[in-house]
$ cat target-v5.cif   # mmCIF, N, CA and C atoms
data_query
loop_
_atom_site.label_atom_id
_atom_site.label_comp_id
_atom_site.auth_asym_id
_atom_site.auth_seq_id
_atom_site.Cartn_x
_atom_site.Cartn_y
_atom_site.Cartn_z
N MET S 1 -1.27 48.78 -75.95
CA MET S 1 -2.54 48.18 -75.58
C MET S 1 -3.41 48.07 -76.82
N ASN S 2 -4.16 47.04 -76.91
CA ASN S 2 -5.04 46.78 -78.04
C ASN S 2 -5.97 47.96 -78.26
N LYS S 3 -5.88 48.58 -79.44
CA LYS S 3 -6.68 49.77 -79.73
C LYS S 3 -8.16 49.44 -79.90
N SER S 4 -8.48 48.19 -80.20
CA SER S 4 -9.87 47.83 -80.46
C SER S 4 -10.72 47.78 -79.19
N ILE S 5 -10.10 47.78 -78.02
CA ILE S 5 -10.90 47.70 -76.80
C ILE S 5 -11.46 49.05 -76.38
N GLY S 6 -10.93 50.13 -76.90
CA GLY S 6 -11.51 51.44 -76.69
C GLY S 6 -10.96 52.21 -75.50
N LYS S 7 -11.10 53.53 -75.61
CA LYS S 7 -10.60 54.42 -74.56
C LYS S 7 -11.40 54.31 -73.27
N THR S 8 -12.70 54.10 -73.39
CA THR S 8 -13.53 53.98 -72.19
C THR S 8 -13.12 52.76 -71.39
N PHE S 9 -12.90 51.65 -72.07
CA PHE S 9 -12.47 50.43 -71.39
C PHE S 9 -11.13 50.66 -70.70
N LYS S 10 -10.18 51.26 -71.42
CA LYS S 10 -8.87 51.53 -70.83
C LYS S 10 -9.00 52.43 -69.60
N SER S 11 -9.84 53.44 -69.70
CA SER S 11 -10.04 54.35 -68.56
C SER S 11 -10.62 53.60 -67.36
N LEU S 12 -11.57 52.72 -67.62
CA LEU S 12 -12.15 51.92 -66.53
C LEU S 12 -11.13 50.97 -65.92
N VAL S 13 -10.24 50.43 -66.74
CA VAL S 13 -9.19 49.55 -66.23
C VAL S 13 -8.24 50.34 -65.33
N TYR S 14 -7.86 51.54 -65.75
CA TYR S 14 -7.00 52.37 -64.92
C TYR S 14 -7.73 52.76 -63.63
N TYR S 15 -9.01 53.06 -63.74
CA TYR S 15 -9.83 53.38 -62.56
C TYR S 15 -9.83 52.20 -61.59
N LEU S 16 -9.99 50.99 -62.13
CA LEU S 16 -9.94 49.79 -61.31
C LEU S 16 -8.62 49.72 -60.55
N GLY S 17 -7.53 50.02 -61.23
CA GLY S 17 -6.21 49.97 -60.59
C GLY S 17 -6.09 50.94 -59.43
N VAL S 18 -6.53 52.17 -59.65
CA VAL S 18 -6.47 53.18 -58.59
C VAL S 18 -7.39 52.78 -57.44
N LEU S 19 -8.61 52.35 -57.76
CA LEU S 19 -9.57 51.98 -56.73
C LEU S 19 -9.08 50.77 -55.92
N GLN S 20 -8.52 49.78 -56.59
CA GLN S 20 -8.04 48.60 -55.88
C GLN S 20 -6.81 48.92 -55.03
N PHE S 21 -5.98 49.83 -55.50
CA PHE S 21 -4.83 50.26 -54.69
C PHE S 21 -5.32 50.93 -53.40
N LEU S 22 -6.29 51.85 -53.55
CA LEU S 22 -6.85 52.52 -52.38
C LEU S 22 -7.57 51.52 -51.46
N HIS S 23 -8.24 50.57 -52.09
CA HIS S 23 -8.93 49.52 -51.33
C HIS S 23 -7.92 48.71 -50.51
N LEU S 24 -6.81 48.36 -51.13
CA LEU S 24 -5.77 47.62 -50.43
C LEU S 24 -5.23 48.42 -49.24
N LEU S 25 -5.00 49.71 -49.43
CA LEU S 25 -4.54 50.56 -48.33
C LEU S 25 -5.57 50.59 -47.19
N SER S 26 -6.86 50.69 -47.55
CA SER S 26 -7.89 50.72 -46.51
C SER S 26 -7.98 49.38 -45.78
N LEU S 27 -7.78 48.28 -46.51
CA LEU S 27 -7.78 46.96 -45.86
C LEU S 27 -6.59 46.82 -44.91
N LEU S 28 -5.44 47.31 -45.32
CA LEU S 28 -4.26 47.28 -44.45
C LEU S 28 -4.50 48.09 -43.18
N ARG S 29 -5.09 49.26 -43.35
CA ARG S 29 -5.40 50.11 -42.20
C ARG S 29 -6.38 49.42 -41.27
N ALA S 30 -7.43 48.82 -41.83
CA ALA S 30 -8.42 48.11 -41.01
C ALA S 30 -7.77 46.94 -40.28
N GLY S 31 -6.89 46.22 -40.96
CA GLY S 31 -6.19 45.10 -40.33
C GLY S 31 -5.30 45.56 -39.18
N LEU S 32 -4.59 46.66 -39.39
CA LEU S 32 -3.74 47.21 -38.32
C LEU S 32 -4.59 47.69 -37.15
N ASN S 33 -5.73 48.31 -37.45
CA ASN S 33 -6.65 48.73 -36.38
C ASN S 33 -7.09 47.52 -35.57
N TYR S 34 -7.41 46.45 -36.26
CA TYR S 34 -7.88 45.25 -35.57
C TYR S 34 -6.78 44.66 -34.69
N LEU S 35 -5.56 44.66 -35.20
CA LEU S 35 -4.45 44.12 -34.41
C LEU S 35 -4.17 44.96 -33.17
N SER S 36 -4.35 46.27 -33.28
CA SER S 36 -4.02 47.13 -32.14
C SER S 36 -5.15 47.24 -31.13
N ASP S 37 -6.40 47.34 -31.56
CA ASP S 37 -7.48 47.52 -30.57
C ASP S 37 -8.73 46.67 -30.82
N HIS S 38 -8.59 45.67 -31.68
CA HIS S 38 -9.68 44.72 -31.97
C HIS S 38 -10.96 45.37 -32.48
N THR S 39 -10.81 46.49 -33.19
CA THR S 39 -11.95 47.11 -33.86
C THR S 39 -11.63 47.26 -35.33
N ILE S 40 -12.67 47.19 -36.14
CA ILE S 40 -12.50 47.39 -37.58
C ILE S 40 -13.27 48.65 -37.94
N GLY S 41 -12.57 49.62 -38.46
CA GLY S 41 -13.22 50.85 -38.91
C GLY S 41 -13.36 50.84 -40.42
N PHE S 42 -13.10 51.98 -41.02
CA PHE S 42 -13.21 52.10 -42.46
C PHE S 42 -12.35 51.03 -43.12
N PRO S 43 -12.83 50.34 -44.12
CA PRO S 43 -14.03 50.56 -44.93
C PRO S 43 -15.31 49.95 -44.38
N ALA S 44 -15.24 49.28 -43.23
CA ALA S 44 -16.44 48.66 -42.65
C ALA S 44 -16.87 49.48 -41.43
N LEU S 45 -17.49 50.61 -41.69
CA LEU S 45 -17.92 51.47 -40.59
C LEU S 45 -18.99 50.75 -39.77
N PRO S 46 -18.86 50.76 -38.44
CA PRO S 46 -19.72 49.91 -37.60
C PRO S 46 -21.11 50.48 -37.36
N PRO S 47 -22.04 49.60 -37.02
CA PRO S 47 -23.36 50.06 -36.57
C PRO S 47 -23.24 50.68 -35.18
N ASP S 48 -24.34 51.20 -34.65
CA ASP S 48 -24.32 51.86 -33.33
C ASP S 48 -23.70 51.01 -32.24
N ALA S 49 -24.05 49.74 -32.20
CA ALA S 49 -23.56 48.86 -31.13
C ALA S 49 -22.15 48.34 -31.39
N GLY S 50 -21.54 48.73 -32.50
CA GLY S 50 -20.23 48.22 -32.87
C GLY S 50 -20.35 46.85 -33.52
N TRP S 51 -19.22 46.33 -33.98
CA TRP S 51 -19.23 45.01 -34.61
C TRP S 51 -19.12 43.93 -33.54
N THR S 52 -19.90 42.89 -33.66
CA THR S 52 -19.76 41.75 -32.78
C THR S 52 -18.49 41.00 -33.16
N GLN S 53 -18.03 40.12 -32.28
CA GLN S 53 -16.84 39.33 -32.61
C GLN S 53 -17.10 38.48 -33.85
N GLN S 54 -18.32 37.96 -33.97
CA GLN S 54 -18.68 37.17 -35.14
C GLN S 54 -18.58 38.02 -36.42
N ALA S 55 -19.06 39.25 -36.34
CA ALA S 55 -18.98 40.15 -37.50
C ALA S 55 -17.53 40.49 -37.82
N ASN S 56 -16.71 40.68 -36.77
CA ASN S 56 -15.28 40.95 -37.00
C ASN S 56 -14.64 39.83 -37.81
N TRP S 57 -14.92 38.58 -37.44
CA TRP S 57 -14.34 37.45 -38.19
C TRP S 57 -14.84 37.44 -39.63
N PHE S 58 -16.11 37.73 -39.81
CA PHE S 58 -16.68 37.82 -41.16
C PHE S 58 -15.97 38.90 -41.97
N LEU S 59 -15.81 40.07 -41.37
CA LEU S 59 -15.17 41.19 -42.08
C LEU S 59 -13.69 40.91 -42.36
N LEU S 60 -13.01 40.26 -41.43
CA LEU S 60 -11.61 39.91 -41.67
C LEU S 60 -11.50 38.91 -42.83
N ALA S 61 -12.39 37.93 -42.87
CA ALA S 61 -12.40 36.97 -43.98
C ALA S 61 -12.68 37.68 -45.29
N MET S 62 -13.60 38.63 -45.28
CA MET S 62 -13.88 39.41 -46.49
C MET S 62 -12.63 40.20 -46.91
N GLY S 63 -11.92 40.74 -45.94
CA GLY S 63 -10.71 41.50 -46.24
C GLY S 63 -9.63 40.63 -46.88
N TYR S 64 -9.44 39.42 -46.35
CA TYR S 64 -8.46 38.50 -46.95
C TYR S 64 -8.89 38.12 -48.37
N THR S 65 -10.16 37.87 -48.55
CA THR S 65 -10.67 37.52 -49.87
C THR S 65 -10.47 38.69 -50.83
N ASP S 66 -10.80 39.90 -50.38
CA ASP S 66 -10.60 41.08 -51.21
C ASP S 66 -9.13 41.27 -51.57
N ALA S 67 -8.23 41.00 -50.64
CA ALA S 67 -6.80 41.14 -50.94
C ALA S 67 -6.37 40.21 -52.07
N LEU S 68 -6.86 38.98 -52.06
CA LEU S 68 -6.56 38.05 -53.16
C LEU S 68 -7.15 38.55 -54.48
N ILE S 69 -8.36 39.08 -54.41
CA ILE S 69 -9.00 39.61 -55.62
C ILE S 69 -8.24 40.83 -56.14
N ILE S 70 -7.71 41.63 -55.23
CA ILE S 70 -6.92 42.80 -55.64
C ILE S 70 -5.68 42.34 -56.40
N VAL S 71 -5.01 41.30 -55.92
CA VAL S 71 -3.85 40.77 -56.64
C VAL S 71 -4.26 40.32 -58.05
N LEU S 72 -5.37 39.61 -58.15
CA LEU S 72 -5.87 39.20 -59.47
C LEU S 72 -6.19 40.42 -60.34
N SER S 73 -6.73 41.46 -59.74
CA SER S 73 -7.04 42.68 -60.49
C SER S 73 -5.77 43.31 -61.05
N PHE S 74 -4.70 43.32 -60.25
CA PHE S 74 -3.44 43.87 -60.74
C PHE S 74 -2.87 43.03 -61.88
N ILE S 75 -3.03 41.71 -61.79
CA ILE S 75 -2.58 40.84 -62.89
C ILE S 75 -3.40 41.14 -64.14
N PHE S 76 -4.71 41.31 -63.98
CA PHE S 76 -5.58 41.68 -65.10
C PHE S 76 -5.13 42.99 -65.73
N ILE S 77 -4.86 44.00 -64.91
CA ILE S 77 -4.43 45.31 -65.43
C ILE S 77 -3.12 45.17 -66.19
N TYR S 78 -2.20 44.40 -65.65
CA TYR S 78 -0.95 44.13 -66.36
C TYR S 78 -1.24 43.50 -67.72
N GLY S 79 -2.17 42.54 -67.74
CA GLY S 79 -2.51 41.87 -69.00
C GLY S 79 -3.12 42.81 -70.01
N VAL S 80 -3.95 43.73 -69.56
CA VAL S 80 -4.55 44.70 -70.48
C VAL S 80 -3.47 45.63 -71.03
N ILE S 81 -2.65 46.17 -70.15
CA ILE S 81 -1.60 47.11 -70.58
C ILE S 81 -0.65 46.46 -71.57
N ASN S 82 -0.33 45.19 -71.36
CA ASN S 82 0.62 44.49 -72.22
C ASN S 82 -0.05 43.63 -73.28
N ASP S 83 -1.35 43.83 -73.46
CA ASP S 83 -2.13 43.16 -74.51
C ASP S 83 -1.95 41.64 -74.49
N LYS S 84 -2.03 41.07 -73.31
CA LYS S 84 -1.91 39.62 -73.16
C LYS S 84 -3.23 38.96 -73.56
N PRO S 85 -3.17 37.83 -74.23
CA PRO S 85 -4.41 37.19 -74.70
C PRO S 85 -5.28 36.67 -73.56
N TRP S 86 -4.72 36.48 -72.38
CA TRP S 86 -5.45 35.94 -71.25
C TRP S 86 -6.16 37.00 -70.41
N PHE S 87 -6.00 38.29 -70.75
CA PHE S 87 -6.56 39.31 -69.87
C PHE S 87 -8.07 39.22 -69.69
N PRO S 88 -8.87 38.84 -70.72
CA PRO S 88 -10.32 38.75 -70.47
C PRO S 88 -10.67 37.68 -69.43
N THR S 89 -9.97 36.56 -69.45
CA THR S 89 -10.26 35.48 -68.51
C THR S 89 -9.92 35.89 -67.08
N ILE S 90 -8.72 36.41 -66.88
CA ILE S 90 -8.31 36.86 -65.53
C ILE S 90 -9.20 38.01 -65.08
N GLY S 91 -9.53 38.88 -66.00
CA GLY S 91 -10.40 40.01 -65.66
C GLY S 91 -11.77 39.55 -65.21
N LEU S 92 -12.33 38.58 -65.90
CA LEU S 92 -13.64 38.06 -65.48
C LEU S 92 -13.59 37.39 -64.12
N ILE S 93 -12.51 36.68 -63.86
CA ILE S 93 -12.36 36.04 -62.54
C ILE S 93 -12.26 37.13 -61.46
N ALA S 94 -11.39 38.12 -61.69
CA ALA S 94 -11.19 39.18 -60.70
C ALA S 94 -12.46 39.99 -60.48
N LEU S 95 -13.12 40.38 -61.57
CA LEU S 95 -14.31 41.22 -61.41
C LEU S 95 -15.52 40.42 -60.93
N SER S 96 -15.59 39.14 -61.24
CA SER S 96 -16.65 38.31 -60.66
C SER S 96 -16.47 38.22 -59.15
N GLY S 97 -15.23 38.05 -58.72
CA GLY S 97 -14.94 38.04 -57.29
C GLY S 97 -15.26 39.37 -56.64
N THR S 98 -14.92 40.45 -57.32
CA THR S 98 -15.22 41.79 -56.81
C THR S 98 -16.72 41.98 -56.66
N MET S 99 -17.48 41.59 -57.67
CA MET S 99 -18.94 41.72 -57.61
C MET S 99 -19.52 40.88 -56.47
N ALA S 100 -19.02 39.67 -56.32
CA ALA S 100 -19.54 38.78 -55.29
C ALA S 100 -19.23 39.32 -53.89
N THR S 101 -17.99 39.72 -53.66
CA THR S 101 -17.65 40.22 -52.32
C THR S 101 -18.35 41.54 -52.03
N ALA S 102 -18.53 42.37 -53.05
CA ALA S 102 -19.25 43.63 -52.84
C ALA S 102 -20.69 43.35 -52.43
N LEU S 103 -21.33 42.41 -53.11
CA LEU S 103 -22.72 42.07 -52.78
C LEU S 103 -22.82 41.51 -51.36
N ILE S 104 -21.90 40.63 -51.00
CA ILE S 104 -21.90 40.06 -49.65
C ILE S 104 -21.65 41.15 -48.61
N PHE S 105 -20.72 42.07 -48.91
CA PHE S 105 -20.42 43.18 -48.00
C PHE S 105 -21.65 44.07 -47.82
N ILE S 106 -22.32 44.37 -48.93
CA ILE S 106 -23.52 45.21 -48.86
C ILE S 106 -24.59 44.55 -48.00
N ILE S 107 -24.87 43.28 -48.28
CA ILE S 107 -25.91 42.57 -47.54
C ILE S 107 -25.55 42.49 -46.05
N GLY S 108 -24.31 42.12 -45.77
CA GLY S 108 -23.89 41.98 -44.37
C GLY S 108 -23.91 43.27 -43.59
N THR S 109 -23.43 44.35 -44.18
CA THR S 109 -23.37 45.63 -43.46
C THR S 109 -24.74 46.30 -43.41
N LEU S 110 -25.54 46.13 -44.44
CA LEU S 110 -26.89 46.70 -44.45
C LEU S 110 -27.76 46.04 -43.39
N ALA S 111 -27.63 44.72 -43.25
CA ALA S 111 -28.44 43.99 -42.27
C ALA S 111 -28.15 44.42 -40.83
N THR S 112 -26.94 44.91 -40.57
CA THR S 112 -26.59 45.33 -39.21
C THR S 112 -27.06 46.74 -38.89
N GLY S 113 -27.49 47.48 -39.89
CA GLY S 113 -27.89 48.87 -39.69
C GLY S 113 -26.74 49.85 -39.85
N ALA S 114 -25.57 49.36 -40.21
CA ALA S 114 -24.40 50.24 -40.35
C ALA S 114 -24.62 51.32 -41.40
N TRP S 115 -25.35 50.99 -42.46
CA TRP S 115 -25.59 51.97 -43.53
C TRP S 115 -26.42 53.15 -43.03
N PHE S 116 -27.30 52.90 -42.06
CA PHE S 116 -28.15 53.97 -41.54
C PHE S 116 -27.38 54.87 -40.59
N VAL S 117 -26.35 54.34 -39.96
CA VAL S 117 -25.51 55.11 -39.05
C VAL S 117 -24.48 55.93 -39.85
N HIS S 118 -24.00 55.37 -40.96
CA HIS S 118 -22.95 56.02 -41.77
C HIS S 118 -23.39 56.10 -43.24
N PRO S 119 -24.49 56.80 -43.53
CA PRO S 119 -24.99 56.81 -44.92
C PRO S 119 -24.02 57.46 -45.90
N ILE S 120 -23.30 58.48 -45.47
CA ILE S 120 -22.37 59.15 -46.38
C ILE S 120 -21.19 58.25 -46.70
N GLY S 121 -20.62 57.62 -45.67
CA GLY S 121 -19.47 56.73 -45.88
C GLY S 121 -19.81 55.58 -46.81
N TYR S 122 -20.92 54.90 -46.52
CA TYR S 122 -21.31 53.77 -47.37
C TYR S 122 -21.79 54.25 -48.74
N GLY S 123 -22.40 55.42 -48.79
CA GLY S 123 -22.81 55.98 -50.08
C GLY S 123 -21.63 56.27 -50.99
N ILE S 124 -20.56 56.82 -50.40
CA ILE S 124 -19.34 57.09 -51.18
C ILE S 124 -18.73 55.79 -51.68
N ILE S 125 -18.68 54.79 -50.80
CA ILE S 125 -18.15 53.49 -51.23
C ILE S 125 -18.97 52.96 -52.41
N GLY S 126 -20.29 53.05 -52.31
CA GLY S 126 -21.16 52.58 -53.39
C GLY S 126 -20.94 53.34 -54.69
N LEU S 127 -20.82 54.65 -54.60
CA LEU S 127 -20.59 55.45 -55.81
C LEU S 127 -19.24 55.13 -56.45
N LEU S 128 -18.22 54.95 -55.63
CA LEU S 128 -16.91 54.61 -56.17
C LEU S 128 -16.92 53.25 -56.87
N PHE S 129 -17.77 52.36 -56.41
CA PHE S 129 -17.85 51.01 -56.97
C PHE S 129 -18.62 50.96 -58.29
N CYS S 130 -19.57 51.86 -58.49
CA CYS S 130 -20.46 51.81 -59.67
C CYS S 130 -19.75 51.67 -61.02
N PRO S 131 -18.67 52.42 -61.28
CA PRO S 131 -18.01 52.26 -62.59
C PRO S 131 -17.52 50.83 -62.86
N LEU S 132 -17.26 50.07 -61.81
CA LEU S 132 -16.80 48.70 -62.01
C LEU S 132 -17.89 47.82 -62.60
N LEU S 133 -19.14 48.17 -62.39
CA LEU S 133 -20.23 47.44 -63.03
C LEU S 133 -20.14 47.57 -64.56
N PHE S 134 -19.84 48.78 -65.03
CA PHE S 134 -19.69 48.99 -66.46
C PHE S 134 -18.48 48.26 -67.02
N LEU S 135 -17.39 48.27 -66.26
CA LEU S 135 -16.19 47.52 -66.68
C LEU S 135 -16.51 46.03 -66.77
N PHE S 136 -17.22 45.51 -65.79
CA PHE S 136 -17.59 44.10 -65.76
C PHE S 136 -18.44 43.73 -66.98
N LEU S 137 -19.42 44.55 -67.29
CA LEU S 137 -20.28 44.28 -68.45
C LEU S 137 -19.49 44.36 -69.75
N ARG S 138 -18.61 45.33 -69.86
CA ARG S 138 -17.77 45.46 -71.07
C ARG S 138 -16.83 44.27 -71.20
N LEU S 139 -16.30 43.84 -70.09
CA LEU S 139 -15.39 42.70 -70.09
C LEU S 139 -16.10 41.42 -70.51
N ILE S 140 -17.33 41.27 -70.10
CA ILE S 140 -18.11 40.11 -70.54
C ILE S 140 -18.24 40.09 -72.06
N SER S 141 -18.52 41.26 -72.65
CA SER S 141 -18.65 41.30 -74.12
C SER S 141 -17.31 41.05 -74.80
N ILE S 142 -16.22 41.55 -74.24
CA ILE S 142 -14.89 41.28 -74.81
C ILE S 142 -14.58 39.79 -74.71
N TYR S 143 -14.89 39.19 -73.58
CA TYR S 143 -14.64 37.76 -73.38
C TYR S 143 -15.45 36.93 -74.38
N ARG S 144 -16.72 37.26 -74.52
CA ARG S 144 -17.58 36.52 -75.45
C ARG S 144 -17.05 36.64 -76.88
N PHE S 145 -16.61 37.84 -77.26
CA PHE S 145 -16.07 38.04 -78.60
C PHE S 145 -14.79 37.24 -78.78
N SER S 146 -13.91 37.24 -77.76
CA SER S 146 -12.64 36.53 -77.88
C SER S 146 -12.86 35.02 -77.98
N GLN S 147 -13.91 34.51 -77.35
CA GLN S 147 -14.22 33.08 -77.42
C GLN S 147 -14.74 32.68 -78.80
N HIS S 148 -15.49 33.58 -79.44
CA HIS S 148 -16.01 33.30 -80.78
C HIS S 148 -14.98 33.55 -81.87
N ALA S 149 -14.04 34.47 -81.61
CA ALA S 149 -13.03 34.80 -82.62
C ALA S 149 -11.89 33.79 -82.64
N GLY S 150 -11.65 33.14 -81.50
CA GLY S 150 -10.47 32.29 -81.39
C GLY S 150 -10.79 30.86 -81.65
#
$ encode --input "target-v5.cif" --output "structure tokens"
Amino acid sequence: MNKSIGKTFKSLVYYLGVLQFLHLLSLLRAGLNYLSDHTIGFPALPPDAGWTQQANWFLLAMGYTDALIIVLSFIFIYGVINDKPWFPTIGLIALSGTMATALIFIIGTLATGAWFVHPIGYGIIGLLFCPLLFLFLRLISIYRFSQHAG
């Protein structure tokens, strides 16, 4: 792996891999829950009244979108590990998608009151996500440098 990107960046990339793997497992679990009893639990813990059918469709669409972003994240991680010249571009696409879906998820679940019913669950999700903000910012600087150097 390119030594110039630094140990912190590499650690954040590995963190992204572990987090996205766990995210994928949680999405699979939520999908199986939905197939068996038409409810979506973790990672989308419901408000007091439960999720409406409309919210279920929204959350399922978010899950499919996240699954595609997870695949892109794994391609990005492969690119970083193997020092591929395209890793900043794929990384920016994957992390931009991650940031966008996270923001939409936060707004959608916060508006329903789910965060007030499950503050610890959503708080943990938020804390686990925070390091990705630093990775995203670092990746932007790597991308900008690669565009000026090449």
$ closest_atom_pairs --input "target-v5.cif" --of "segment 52-84 of chain S" --to "segment 10-33 of chain S" --cutoff "8 Å" --atoms "only N, CA and C atoms" --output "JSON lines"
{"residue": "S:Leu60", "atom": "CA", "partner": "S:Gly31", "partner_atom": "CA", "distance": 7.6}
{"residue": "S:Gly63", "atom": "CA", "partner": "S:Leu27", "partner_atom": "CA", "distance": 6.2}
{"residue": "S:Tyr64", "atom": "N", "partner": "S:Leu27", "partner_atom": "CA", "distance": 7.7}
{"residue": "S:Asp66", "atom": "C", "partner": "S:Leu24", "partner_atom": "CA", "distance": 7.3}
{"residue": "S:Ala67", "atom": "CA", "partner": "S:Leu24", "partner_atom": "CA", "distance": 6.6}
{"residue": "S:Ile69", "atom": "C", "partner": "S:Gln20", "partner_atom": "CA", "distance": 7.8}
{"residue": "S:Ile70", "atom": "CA", "partner": "S:Gln20", "partner_atom": "CA", "distance": 5.9}
{"residue": "S:Val71", "atom": "N", "partner": "S:Gln20", "partner_atom": "C", "distance": 7.9}
{"residue": "S:Ser73", "atom": "C", "partner": "S:Gly17", "partner_atom": "CA", "distance": 6.7}
{"residue": "S:Phe74", "atom": "CA", "partner": "S:Gly17", "partner_atom": "CA", "distance": 6.7}
{"residue": "S:Phe76", "atom": "C", "partner": "S:Val13", "partner_atom": "CA", "distance": 7.7}
{"residue": "S:Ile77", "atom": "CA", "partner": "S:Val13", "partner_atom": "C", "distance": 6.3}
{"residue": "S:Val80", "atom": "CA", "partner": "S:Val13", "partner_atom": "CA", "distance": 7.9}
$ write_last_selection --input "target-v5.cif" --atoms "N, CA and C atoms" --output "PDB file, keeping the file's coordinate frame"
ATOM      1  N   LEU S  60     -13.010  40.260 -41.430  1.00  0.00           N
ATOM      2  CA  LEU S  60     -11.610  39.910 -41.670  1.00  0.00           C
ATOM      3  C   LEU S  60     -11.500  38.910 -42.830  1.00  0.00           C
ATOM      4  N   GLY S  63     -11.920  40.740 -45.940  1.00  0.00           N
ATOM      5  CA  GLY S  63     -10.710  41.500 -46.240  1.00  0.00           C
ATOM      6  C   GLY S  63      -9.630  40.630 -46.880  1.00  0.00           C
ATOM      7  N   TYR S  64      -9.440  39.420 -46.350  1.00  0.00           N
ATOM      8  CA  TYR S  64      -8.460  38.500 -46.950  1.00  0.00           C
ATOM      9  C   TYR S  64      -8.890  38.120 -48.370  1.00  0.00           C
ATOM     10  N   ASP S  66     -10.800  39.900 -50.380  1.00  0.00           N
ATOM     11  CA  ASP S  66     -10.600  41.080 -51.210  1.00  0.00           C
ATOM     12  C   ASP S  66      -9.130  41.270 -51.570  1.00  0.00           C
ATOM     13  N   ALA S  67      -8.230  41.000 -50.640  1.00  0.00           N
ATOM     14  CA  ALA S  67      -6.800  41.140 -50.940  1.00  0.00           C
ATOM     15  C   ALA S  67      -6.370  40.210 -52.070  1.00  0.00           C
ATOM     16  N   ILE S  69      -8.360  39.080 -54.410  1.00  0.00           N
ATOM     17  CA  ILE S  69      -9.000  39.610 -55.620  1.00  0.00           C
ATOM     18  C   ILE S  69      -8.240  40.830 -56.140  1.00  0.00           C
ATOM     19  N   ILE S  70      -7.710  41.630 -55.230  1.00  0.00           N
ATOM     20  CA  ILE S  70      -6.920  42.800 -55.640  1.00  0.00           C
ATOM     21  C   ILE S  70      -5.680  42.340 -56.400  1.00  0.00           C
ATOM     22  N   VAL S  71      -5.010  41.300 -55.920  1.00  0.00           N
ATOM     23  CA  VAL S  71      -3.850  40.770 -56.640  1.00  0.00           C
ATOM     24  C   VAL S  71      -4.260  40.320 -58.050  1.00  0.00           C
ATOM     25  N   SER S  73      -6.730  41.460 -59.740  1.00  0.00           N
ATOM     26  CA  SER S  73      -7.040  42.680 -60.490  1.00  0.00           C
ATOM     27  C   SER S  73      -5.770  43.310 -61.050  1.00  0.00           C
ATOM     28  N   PHE S  74      -4.700  43.320 -60.250  1.00  0.00           N
ATOM     29  CA  PHE S  74      -3.440  43.870 -60.740  1.00  0.00           C
ATOM     30  C   PHE S  74      -2.870  43.030 -61.880  1.00  0.00           C
ATOM     31  N   PHE S  76      -4.710  41.310 -63.980  1.00  0.00           N
ATOM     32  CA  PHE S  76      -5.580  41.680 -65.100  1.00  0.00           C
ATOM     33  C   PHE S  76      -5.130  42.990 -65.730  1.00  0.00           C
ATOM     34  N   ILE S  77      -4.860  44.000 -64.910  1.00  0.00           N
ATOM     35  CA  ILE S  77      -4.430  45.310 -65.430  1.00  0.00           C
ATOM     36  C   ILE S  77      -3.120  45.170 -66.190  1.00  0.00           C
ATOM     37  N   VAL S  80      -3.950  43.730 -69.560  1.00  0.00           N
ATOM     38  CA  VAL S  80      -4.550  44.700 -70.480  1.00  0.00           C
ATOM     39  C   VAL S  80      -3.470  45.630 -71.030  1.00  0.00           C
TER      40      VAL S  80
END
$ closest_residue --input "target-v5.cif" --among "S:Tyr78, S:Trp57, S:Phe9, S:Phe42" --to "Ile125 of chain S" --atoms "only C-alpha atoms"
S:Phe42
$ atom_distance --input "target-v5.cif" --atom1 "atom N of Ala61 of chain S" --atom2 "atom CA of Thr89 of chain S"
25.8 Å
$ resolve_selection --input "target-v5.cif" --expression "the PyMOL selection byres (((chain S and resi 122 and name CA) around 12) and name CA)" --output "ChimeraX atom specification"
/S:42-47,102,105-106,109-110,113-121,123-129
$ atom_distance --input "target-v5.cif" --atom1 "atom CA of Thr98 of chain S" --atom2 "atom CA of Thr65 of chain S"
9.3 Å
$ resolve_selection --input "target-v5.cif" --expression "the PyMOL selection byres (((chain S and resi 143 and name CA) around 12) and name CA)" --output "number ranges by chain"
S: 5, 85-93, 135-142, 144-150
$ atom_distance --input "target-v5.cif" --atom1 "atom N of Asp48 of chain S" --atom2 "atom CA of Thr112 of chain S"
7.8 Å
$ select_by_dssp --input "target-v5.cif" --residues "segment 3-82 of chain S" --states "alpha helix (DSSP H)" --output "ChimeraX atom specification"
/S:7-37,53-81
